[in-house]
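Source file: final_33.cif. Holds: mmCIF, C-alpha atoms.
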```cif
data_start
#
loop_
_atom_site.label_atom_id
_atom_site.label_comp_id
_atom_site.auth_asym_id
_atom_site.auth_seq_id
_atom_site.Cartn_x
_atom_site.Cartn_y
_atom_site.Cartn_z
CA MET A 282 -13.58 0.65 23.22
CA PRO A 283 -10.78 -1.77 22.35
CA HIS A 284 -10.53 -2.33 18.63
CA SER A 285 -6.88 -3.07 17.88
CA PHE A 286 -5.89 -4.65 14.60
CA GLU A 287 -4.30 -7.58 16.43
CA LYS A 288 -7.66 -8.50 17.97
CA PHE A 289 -9.13 -8.81 14.50
CA LEU A 290 -6.41 -11.21 13.42
CA THR A 291 -7.39 -13.56 16.24
CA GLY A 292 -11.01 -13.65 15.15
CA ARG A 293 -10.80 -14.73 11.54
CA SER A 294 -14.29 -15.74 10.50
CA GLY A 295 -16.83 -14.56 8.01
CA THR A 296 -17.63 -15.96 4.61
CA LEU A 297 -17.85 -12.45 3.15
CA ALA A 298 -14.17 -11.80 3.90
CA ALA A 299 -13.14 -15.16 2.46
CA ALA A 300 -15.17 -14.62 -0.69
CA TRP A 301 -13.78 -11.13 -1.13
CA ASP A 302 -10.19 -12.31 -0.70
CA HIS A 303 -10.76 -15.01 -3.33
CA ALA A 304 -12.36 -12.61 -5.81
CA ALA A 305 -9.60 -10.03 -5.30
CA ALA A 306 -6.71 -12.46 -5.86
CA SER A 307 -5.89 -11.34 -9.40
CA ALA A 308 -6.03 -7.59 -8.74
CA PRO A 309 -6.20 -7.11 -4.96
CA TRP A 310 -5.52 -3.40 -4.73
CA SER A 311 -7.80 -2.39 -7.60
CA THR A 312 -10.56 -4.27 -5.79
CA LEU A 313 -9.79 -2.54 -2.53
CA MET A 314 -9.70 0.88 -4.19
CA LYS A 315 -13.30 0.43 -5.36
CA GLU A 316 -14.30 -0.21 -1.76
CA TRP A 317 -12.28 2.78 -0.57
CA ILE A 318 -13.97 5.07 -3.08
CA GLY A 319 -17.38 3.88 -1.91
CA LEU A 320 -16.45 4.29 1.75
CA THR A 321 -15.06 7.78 1.18
CA VAL A 322 -18.28 8.85 -0.54
CA ALA A 323 -20.42 7.36 2.25
CA ILE A 324 -18.40 8.90 5.08
CA ARG A 325 -18.19 12.32 3.41
CA ASN A 326 -21.95 12.41 2.85
CA THR A 327 -22.51 11.35 6.47
CA LEU A 328 -20.19 14.02 7.88
CA ARG A 329 -21.36 16.95 5.81
CA ASN A 330 -22.25 19.89 8.01
CA SER A 331 -25.81 20.48 6.79
CA PRO A 332 -28.34 18.87 4.45
CA GLY A 333 -27.63 21.57 1.88
CA SER A 334 -23.92 20.86 1.67
CA PRO A 335 -22.73 19.44 -1.65
CA SER A 336 -22.10 15.71 -1.67
CA ILE A 337 -18.87 14.21 -2.95
CA ASP A 338 -18.93 13.14 -6.59
CA ARG A 339 -17.96 9.48 -6.96
CA GLU A 340 -17.34 9.79 -10.68
CA ALA A 341 -15.00 12.75 -10.15
CA LEU A 342 -13.08 10.78 -7.52
CA GLU A 343 -12.69 7.84 -9.90
CA LYS A 344 -11.37 10.19 -12.60
CA ARG A 345 -8.81 11.70 -10.21
CA LEU A 346 -7.57 8.23 -9.35
CA ALA A 347 -7.37 7.26 -13.02
CA PHE A 348 -5.37 10.42 -13.76
CA LEU A 349 -2.91 9.48 -11.01
CA GLY A 350 -2.45 6.10 -12.69
CA TRP A 351 -1.73 7.70 -16.07
CA ASP A 352 0.68 10.18 -14.50
CA LEU A 353 2.62 7.42 -12.76
CA GLU A 354 2.69 5.27 -15.88
CA ALA A 355 4.43 8.09 -17.74
CA ARG A 356 6.91 8.74 -14.92
CA VAL A 357 7.96 5.16 -14.15
CA GLN A 358 10.08 4.40 -17.19
CA PRO A 359 11.72 1.96 -17.28
CA LEU A 360 9.81 -0.07 -14.71
CA SER A 361 11.97 -0.71 -11.65
CA VAL A 362 11.74 -0.58 -7.88
CA ASP A 363 13.80 2.61 -7.63
CA ASN A 364 11.95 4.41 -10.43
CA HIS A 365 8.57 3.59 -8.92
CA ILE A 366 9.55 4.71 -5.42
CA ARG A 367 11.01 7.93 -6.83
CA ALA A 368 7.91 8.71 -8.92
CA PHE A 369 5.46 8.17 -6.06
CA PHE A 370 7.31 9.66 -3.10
CA THR A 371 9.67 12.21 -4.69
CA ASP A 372 8.18 13.37 -8.01
CA LEU A 373 4.56 13.37 -6.81
CA GLY A 374 5.47 14.04 -3.18
CA PHE A 375 3.20 11.58 -1.38
CA ARG A 376 4.03 11.59 2.32
CA PRO A 377 2.63 10.48 5.68
CA ALA A 378 0.21 12.76 7.50
CA PRO A 379 1.79 14.64 10.43
CA LYS A 380 1.98 12.50 13.55
CA GLY A 381 -0.69 13.22 16.11
CA SER A 382 -3.07 14.87 13.65
CA GLY A 383 -5.61 12.04 13.99
CA GLU A 384 -7.94 13.64 11.45
CA PRO A 385 -10.37 11.29 9.68
CA ASP A 386 -9.44 13.03 6.41
CA GLY A 387 -6.10 11.23 6.49
CA SER A 388 -7.87 7.92 5.85
CA LEU A 389 -10.26 9.17 3.16
CA LEU A 390 -9.21 8.85 -0.46
CA ASP A 391 -10.24 12.31 -1.66
CA THR A 392 -8.02 13.99 0.92
CA VAL A 393 -5.06 11.70 0.23
CA LEU A 394 -5.27 12.54 -3.48
CA SER A 395 -5.67 16.28 -2.84
CA ARG A 396 -3.02 16.74 -0.16
CA HIS A 397 -0.68 13.96 -1.28
CA GLU A 398 -0.52 12.76 2.30
CA GLY A 399 -2.35 10.18 4.36
CA ALA A 400 -2.48 8.00 7.46
CA GLY A 401 -0.33 4.88 7.62
CA SER A 402 -2.69 2.37 5.99
CA ALA A 403 -4.13 4.92 3.56
CA LEU A 404 -0.77 5.91 2.11
CA THR A 405 0.51 2.36 1.74
CA ILE A 406 -2.75 1.15 0.16
CA LEU A 407 -2.53 3.90 -2.44
CA PHE A 408 1.12 2.96 -3.05
CA ALA A 409 0.13 -0.71 -3.45
CA TRP A 410 -2.56 0.23 -5.98
CA ALA A 411 -0.08 2.46 -7.84
CA THR A 412 2.40 -0.44 -7.99
CA GLU A 413 -0.23 -2.79 -9.36
CA THR A 414 -1.30 -0.20 -11.92
CA VAL A 415 2.13 0.66 -13.34
CA SER A 416 3.09 -3.02 -13.42
CA LYS A 417 0.01 -3.99 -15.44
CA THR A 418 0.27 -1.10 -17.87
CA SER A 419 4.02 -1.34 -18.41
CA SER A 420 5.23 -2.20 -21.91
CA GLU A 421 7.92 -4.36 -20.31
CA SER A 422 5.92 -7.57 -19.93
CA HIS A 423 8.94 -9.39 -18.50
CA THR A 424 9.14 -7.04 -15.50
CA LYS A 425 6.62 -7.08 -12.65
CA LEU A 426 6.21 -5.20 -9.39
CA SER A 427 3.83 -6.10 -6.59
CA VAL A 428 3.20 -5.02 -3.02
CA GLU A 429 2.36 -7.17 0.00
CA PHE A 430 1.37 -6.18 3.52
CA VAL A 431 2.88 -8.36 6.24
CA LYS A 432 1.81 -9.43 9.71
CA ASN A 433 3.42 -7.83 12.76
CA ALA A 434 4.67 -4.90 10.69
CA PRO A 435 3.38 -1.35 11.24
CA ALA A 436 0.85 -0.06 8.70
CA HIS A 437 3.46 2.09 6.93
CA ILE A 438 5.70 -0.91 6.11
CA VAL A 439 5.17 -2.98 2.96
CA ARG A 440 7.06 -5.65 1.04
CA LEU A 441 7.77 -4.63 -2.55
CA ARG A 442 8.50 -7.57 -4.85
CA PHE A 443 10.37 -7.27 -8.15
CA SER A 444 10.77 -9.90 -10.86
CA ASP A 445 12.52 -9.76 -14.25
CA THR A 446 12.28 -12.82 -16.48
CA SER A 447 14.08 -11.37 -19.50
CA ASN A 448 17.27 -13.37 -18.84
CA ASP A 449 17.96 -17.07 -18.53
CA ALA A 450 18.46 -16.54 -14.82
CA PRO A 451 15.35 -14.65 -13.60
CA ASP A 452 15.98 -11.76 -11.21
CA GLU A 453 13.59 -11.95 -8.27
CA ARG A 454 13.93 -10.08 -5.00
CA ALA A 455 11.94 -8.37 -2.27
CA GLU A 456 12.51 -5.05 -0.53
CA TYR A 457 10.88 -3.79 2.65
CA ILE A 458 10.10 -0.11 2.43
CA SER A 459 8.67 2.50 4.78
CA ALA A 460 6.08 4.96 3.56
CA GLU A 461 6.75 6.91 6.75
CA LYS A 462 10.29 7.51 5.45
CA ASN A 463 9.28 8.41 1.89
CA GLY A 464 9.77 4.93 0.48
CA GLN A 465 13.15 4.32 2.07
CA LYS A 466 14.33 0.71 1.82
CA LEU A 467 14.82 -0.98 5.18
CA GLU A 468 17.83 -2.95 6.33
CA SER A 469 17.32 -6.10 8.39
CA SER A 470 18.24 -4.15 11.52
CA ASP A 471 15.28 -1.84 10.85
CA TRP A 472 12.64 -4.55 10.96
CA ILE A 473 14.08 -7.23 13.21
CA ASP A 474 12.11 -5.89 16.20
CA TRP A 475 8.71 -6.61 14.63
CA CYS A 476 9.82 -9.82 12.94
CA HIS A 477 8.90 -12.40 15.57
CA GLY A 478 6.64 -15.39 16.08
CA LYS A 479 5.33 -17.97 13.64
CA THR A 480 3.35 -15.41 11.64
CA ALA A 481 6.29 -13.06 11.05
CA LEU A 482 6.56 -11.93 7.44
CA GLU A 483 3.33 -13.74 6.44
CA ARG A 484 1.23 -11.82 3.95
CA LEU A 485 -1.95 -10.13 5.11
CA SER A 486 -5.14 -10.80 3.17
CA VAL A 487 -6.89 -8.00 1.33
CA SER A 488 -9.74 -8.03 3.86
CA ASP A 489 -7.25 -7.69 6.75
CA VAL A 490 -5.64 -4.68 5.06
CA TRP A 491 -9.08 -3.16 4.50
CA ILE A 492 -10.04 -3.74 8.13
CA ARG A 493 -6.89 -1.98 9.30
CA LEU A 494 -7.79 1.11 7.27
CA MET A 495 -11.33 1.16 8.70
CA LEU A 496 -9.94 0.84 12.23
CA GLU A 497 -7.65 3.82 11.63
CA LEU A 498 -10.63 5.79 10.39
CA ARG A 499 -12.83 4.79 13.29
CA ALA A 500 -10.17 5.74 15.85
CA ALA A 501 -9.97 9.20 14.25
CA LEU A 502 -13.76 9.57 14.19
CA GLU A 503 -13.98 8.84 17.92
CA LYS A 504 -12.22 12.12 18.64
CA PRO A 505 -14.52 15.17 19.01
CA SER A 506 -14.55 17.56 16.05
CA THR A 507 -15.96 21.03 15.47
CA ARG A 508 -16.19 20.40 11.72
CA TRP A 509 -19.41 18.35 11.87
CA PRO A 510 -22.23 17.67 14.36
CA GLU A 511 -21.59 14.98 16.96
CA SER A 512 -24.47 12.93 15.60
CA ALA A 513 -22.83 12.87 12.17
CA GLY A 514 -19.62 11.46 13.66
CA LEU A 515 -21.63 8.80 15.49
CA ARG A 516 -23.49 7.80 12.33
CA ALA A 517 -20.18 7.52 10.47
CA GLN A 518 -18.87 5.18 13.17
CA VAL A 519 -22.00 3.03 12.89
CA LEU A 520 -21.45 2.85 9.14
CA LEU A 521 -17.93 1.54 9.73
CA LEU A 522 -19.09 -0.98 12.33
CA ASP A 523 -21.68 -2.30 9.88
CA GLN A 524 -18.87 -3.21 7.50
CA LEU A 525 -16.56 -4.54 10.20
CA ILE A 526 -19.29 -6.82 11.56
CA ALA A 527 -20.01 -8.12 8.07
CA LEU A 528 -16.35 -9.07 7.66
CA ARG A 529 -15.75 -10.41 11.19
CA PRO A 530 -19.12 -11.42 12.71
CA SER A 531 -17.44 -13.64 15.33
CA LEU A 532 -16.06 -10.57 17.11
CA ILE A 533 -19.06 -10.00 19.33
CA ARG A 534 -17.51 -6.95 21.02
CA LEU A 535 -18.37 -5.04 17.85
CA PHE A 536 -22.07 -5.57 18.54
CA ALA A 537 -21.65 -3.97 21.96
CA ASP A 538 -19.78 -1.04 20.43
CA ARG A 539 -22.52 -0.52 17.85
CA ALA A 540 -25.21 -0.82 20.52
CA MET A 541 -23.69 2.05 22.50
CA LEU A 542 -23.49 4.24 19.41
CA ARG A 543 -27.05 3.43 18.37
CA HIS A 544 -28.29 4.25 21.85
CA ARG A 545 -26.58 7.65 21.72
CA LEU A 546 -28.29 8.27 18.38
CA GLY A 547 -31.70 7.40 19.83
CA ASP A 548 -32.02 4.06 18.05
CA ASN A 549 -32.94 2.04 21.13
CA ALA A 550 -34.50 -0.79 19.12
CA GLY A 551 -31.29 -1.28 17.14
CA ALA A 552 -29.21 -1.01 20.31
CA LEU A 553 -31.31 -3.70 22.01
CA ASP A 554 -30.97 -6.04 19.04
CA ASP A 555 -27.18 -5.66 19.14
CA LEU A 556 -27.04 -6.27 22.89
CA LYS A 557 -29.19 -9.39 22.58
CA ARG A 558 -26.64 -10.75 20.12
CA PHE A 559 -23.78 -9.70 22.40
CA PHE A 560 -25.19 -11.31 25.55
CA ALA A 561 -26.07 -14.48 23.71
CA PHE A 562 -22.32 -15.14 23.75
CA GLN A 563 -21.08 -12.98 26.63
CA ASP A 564 -21.61 -13.80 30.32
CA ARG A 565 -23.20 -10.93 32.23
CA GLY A 566 -20.77 -11.32 35.08
CA SER A 567 -17.76 -10.56 32.90
CA ALA A 568 -19.37 -7.80 30.83
CA ALA A 569 -18.87 -4.08 31.47
CA PRO A 570 -21.43 -2.80 34.02
CA ALA A 571 -22.50 -0.04 31.64
CA LEU A 572 -23.47 -2.62 29.01
CA VAL A 573 -25.42 -4.71 31.53
CA SER A 574 -27.27 -1.64 32.80
CA LEU A 575 -28.14 -0.48 29.29
CA TYR A 576 -29.32 -3.95 28.30
CA ASP A 577 -31.61 -4.20 31.33
CA LEU A 578 -32.96 -0.70 30.73
CA LEU A 579 -33.71 -1.28 27.05
CA ARG A 580 -35.47 -4.56 27.73
CA LEU A 581 -37.91 -2.71 30.00
CA THR A 582 -38.39 0.17 27.55
CA PRO A 583 -41.24 -0.08 24.99
CA ARG A 584 -39.86 -0.31 21.48
CA GLN A 585 -40.13 2.99 19.60
CA PRO A 586 -39.55 3.67 15.90
CA VAL A 587 -36.15 5.07 14.95
CA PRO A 588 -36.35 8.92 14.76
#
```

What is this file in structure tokens?
Amino acid sequence: MPHSFEKFLTGRSGTLAAAWDHAAASAPWSTLMKEWIGLTVAIRNTLRNSPGSPSIDREALEKRLAFLGWDLEARVQPLSVDNHIRAFFTDLGFRPAPKGSGEPDGSLLDTVLSRHEGAGSALTILFAWATETVSKTSSESHTKLSVEFVKNAPAHIVRLRFSDTSNDAPDERAEYISAEKNGQKLESSDWIDWCHGKTALERLSVSDVWIRLMLELRAALEKPSTRWPESAGLRAQVLLLDQLIALRPSLIRLFADRAMLRHRLGDNAGALDDLKRFFAFQDRGSAAPALVSLYDLLRLTPRQPVP
């Protein structure tokens, strides 16, 4: 199932995404963290091995995040780019998850906070939130730090902006850093390869950053795991697709993806509804044969309640 981040950037529609971006403008990463907490709780409770397994405590997760903010606030003194990078990557030891691990845990907030490591988008989102937090709580009101995600760049690359208005000539500059290299600042030669086209260096919206994290998580969930039943992994993928469709409803391929998952879970009525939406916009002749066959089969099958 193709679901690359670039495909999402070519299908920018959805009033929910636009409204969310507008509402998040003043504190983008705090807004995203609330969504990430909710998603982590939902995915954890979906993947738990048995009905008797303890569910994740949202309040406890919020407290752990708040403690991280307090810890960083104490460490980043005075507020500067170098001090913040040192506190996050060196003092607290946040690092990228090992390459090739592909575990869903690397994109879930509770694991990132416990292990101090995460997948590309997960680690940089947490770093962006940490930057926003220490900047807002700093006693140095004239100094500000902020993080931006940029188009064409890999998920582990962010733009860190610094401004100091304490002097007559304000000091403003931007650094590109790599979370994959423990916050190392990049030289122009390091990022020239992905700096191309008209959209190069443009800032990504909050919803685009959020979508990229969910795509990382979904790609990890598609891999078989012995840690939870197959049906739990499928339900978790459906949960993600529900959110992705809400943000980008014009990407009709998502309806086909969800239809296949629903069919595997025994929800034939839901699968048929998704395929009706898909084929309302997709010509049968250019659709995958498996989708056409499933659509024809479900249309001839009496509708049954979801088990």

Gap from CA of Val362 (chain A) to CA of Asp445 (chain A) - Å, one decimal: 11.2 Å

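CA of Asp449 (chain A) to CA of Ala308 (chain A) spans 27.6 Å [interatomic distance, one decimal].
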
Output of the PyMOL selection byres ((chain A and resi 457-467) around 12), listed as a VMD selection string: chain A and resid 362 to 380 397 to 409 427 to 431 434 to 443 454 to 456 468 to 473 476 482

Distance in Å - CA of Phe560 (chain A) versus CA of Arg529 (chain A):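 Distance reported for this atom pair: 17.2 Å.
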
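The closest residue to Arg325 (chain A), picked from A:Leu496, A:Val487, A:Leu520, A:Ala552 and counting only C-alpha atoms, is A:Leu520.
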
Target residues per the PyMOL selection byres ((chain A and resi 525) around 10), formatted as a PyMOL selection string: chain A and resi 289+298+488+491-492+495-496+519-524+526-530+532+535

Hits of the PyMOL selection byres ((chain A and resi 414) around 10) in this structure, as a count of residues only: 22

Shortest interatomic distance to Gln563 (chain A) - which of A:Arg534, A:Lys432, A:His303, A:Ser422, counting only C-alpha atoms: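 Ranking A:Arg534, A:Lys432, A:His303, A:Ser422 by distance to Gln563 (chain A), first place goes to A:Arg534.
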
Subset file as a PDB file, in the first residue's frame: region 414-429 of chain A, N, CA and C atoms:
```pdb
ATOM      1  N   THR A 414       8.655  24.926  24.842  1.00  0.00           N
ATOM      2  CA  THR A 414       8.434  24.980  26.289  1.00  0.00           C
ATOM      3  C   THR A 414       9.494  25.824  26.988  1.00  0.00           C
ATOM      4  N   VAL A 415      10.771  25.561  26.716  1.00  0.00           N
ATOM      5  CA  VAL A 415      11.831  26.307  27.407  1.00  0.00           C
ATOM      6  C   VAL A 415      11.838  27.767  26.979  1.00  0.00           C
ATOM      7  N   SER A 416      11.434  28.035  25.730  1.00  0.00           N
ATOM      8  CA  SER A 416      11.398  29.416  25.265  1.00  0.00           C
ATOM      9  C   SER A 416      10.302  30.203  25.976  1.00  0.00           C
ATOM     10  N   LYS A 417       9.145  29.573  26.179  1.00  0.00           N
ATOM     11  CA  LYS A 417       8.023  30.272  26.823  1.00  0.00           C
ATOM     12  C   LYS A 417       8.229  30.448  28.314  1.00  0.00           C
ATOM     13  N   THR A 418       8.937  29.538  28.945  1.00  0.00           N
ATOM     14  CA  THR A 418       9.116  29.607  30.391  1.00  0.00           C
ATOM     15  C   THR A 418      10.403  30.319  30.799  1.00  0.00           C
ATOM     16  N   SER A 419      11.213  30.691  29.817  1.00  0.00           N
ATOM     17  CA  SER A 419      12.486  31.347  30.129  1.00  0.00           C
ATOM     18  C   SER A 419      12.258  32.728  30.735  1.00  0.00           C
ATOM     19  N   SER A 420      13.103  33.086  31.700  1.00  0.00           N
ATOM     20  CA  SER A 420      13.035  34.409  32.316  1.00  0.00           C
ATOM     21  C   SER A 420      13.600  35.489  31.404  1.00  0.00           C
ATOM     22  N   GLU A 421      14.284  35.056  30.350  1.00  0.00           N
ATOM     23  CA  GLU A 421      14.879  36.007  29.399  1.00  0.00           C
ATOM     24  C   GLU A 421      13.866  36.289  28.290  1.00  0.00           C
ATOM     25  N   SER A 422      12.986  37.230  28.520  1.00  0.00           N
ATOM     26  CA  SER A 422      11.904  37.505  27.585  1.00  0.00           C
ATOM     27  C   SER A 422      12.393  38.005  26.227  1.00  0.00           C
ATOM     28  N   HIS A 423      13.625  38.523  26.193  1.00  0.00           N
ATOM     29  CA  HIS A 423      14.164  39.054  24.945  1.00  0.00           C
ATOM     30  C   HIS A 423      14.724  37.966  24.042  1.00  0.00           C
ATOM     31  N   THR A 424      14.847  36.742  24.557  1.00  0.00           N
ATOM     32  CA  THR A 424      15.421  35.634  23.798  1.00  0.00           C
ATOM     33  C   THR A 424      14.353  34.594  23.486  1.00  0.00           C
ATOM     34  N   LYS A 425      14.282  34.162  22.244  1.00  0.00           N
ATOM     35  CA  LYS A 425      13.282  33.188  21.829  1.00  0.00           C
ATOM     36  C   LYS A 425      13.929  32.106  20.952  1.00  0.00           C
ATOM     37  N   LEU A 426      13.445  30.890  21.149  1.00  0.00           N
ATOM     38  CA  LEU A 426      13.822  29.767  20.298  1.00  0.00           C
ATOM     39  C   LEU A 426      12.556  29.174  19.704  1.00  0.00           C
ATOM     40  N   SER A 427      12.641  28.708  18.489  1.00  0.00           N
ATOM     41  CA  SER A 427      11.497  28.032  17.871  1.00  0.00           C
ATOM     42  C   SER A 427      12.013  27.031  16.853  1.00  0.00           C
ATOM     43  N   VAL A 428      11.193  26.010  16.590  1.00  0.00           N
ATOM     44  CA  VAL A 428      11.571  24.954  15.658  1.00  0.00           C
ATOM     45  C   VAL A 428      10.565  24.908  14.519  1.00  0.00           C
ATOM     46  N   GLU A 429      11.088  24.709  13.308  1.00  0.00           N
ATOM     47  CA  GLU A 429      10.250  24.537  12.129  1.00  0.00           C
ATOM     48  C   GLU A 429      10.676  23.272  11.389  1.00  0.00           C
TER      49      GLU A 429
END
```
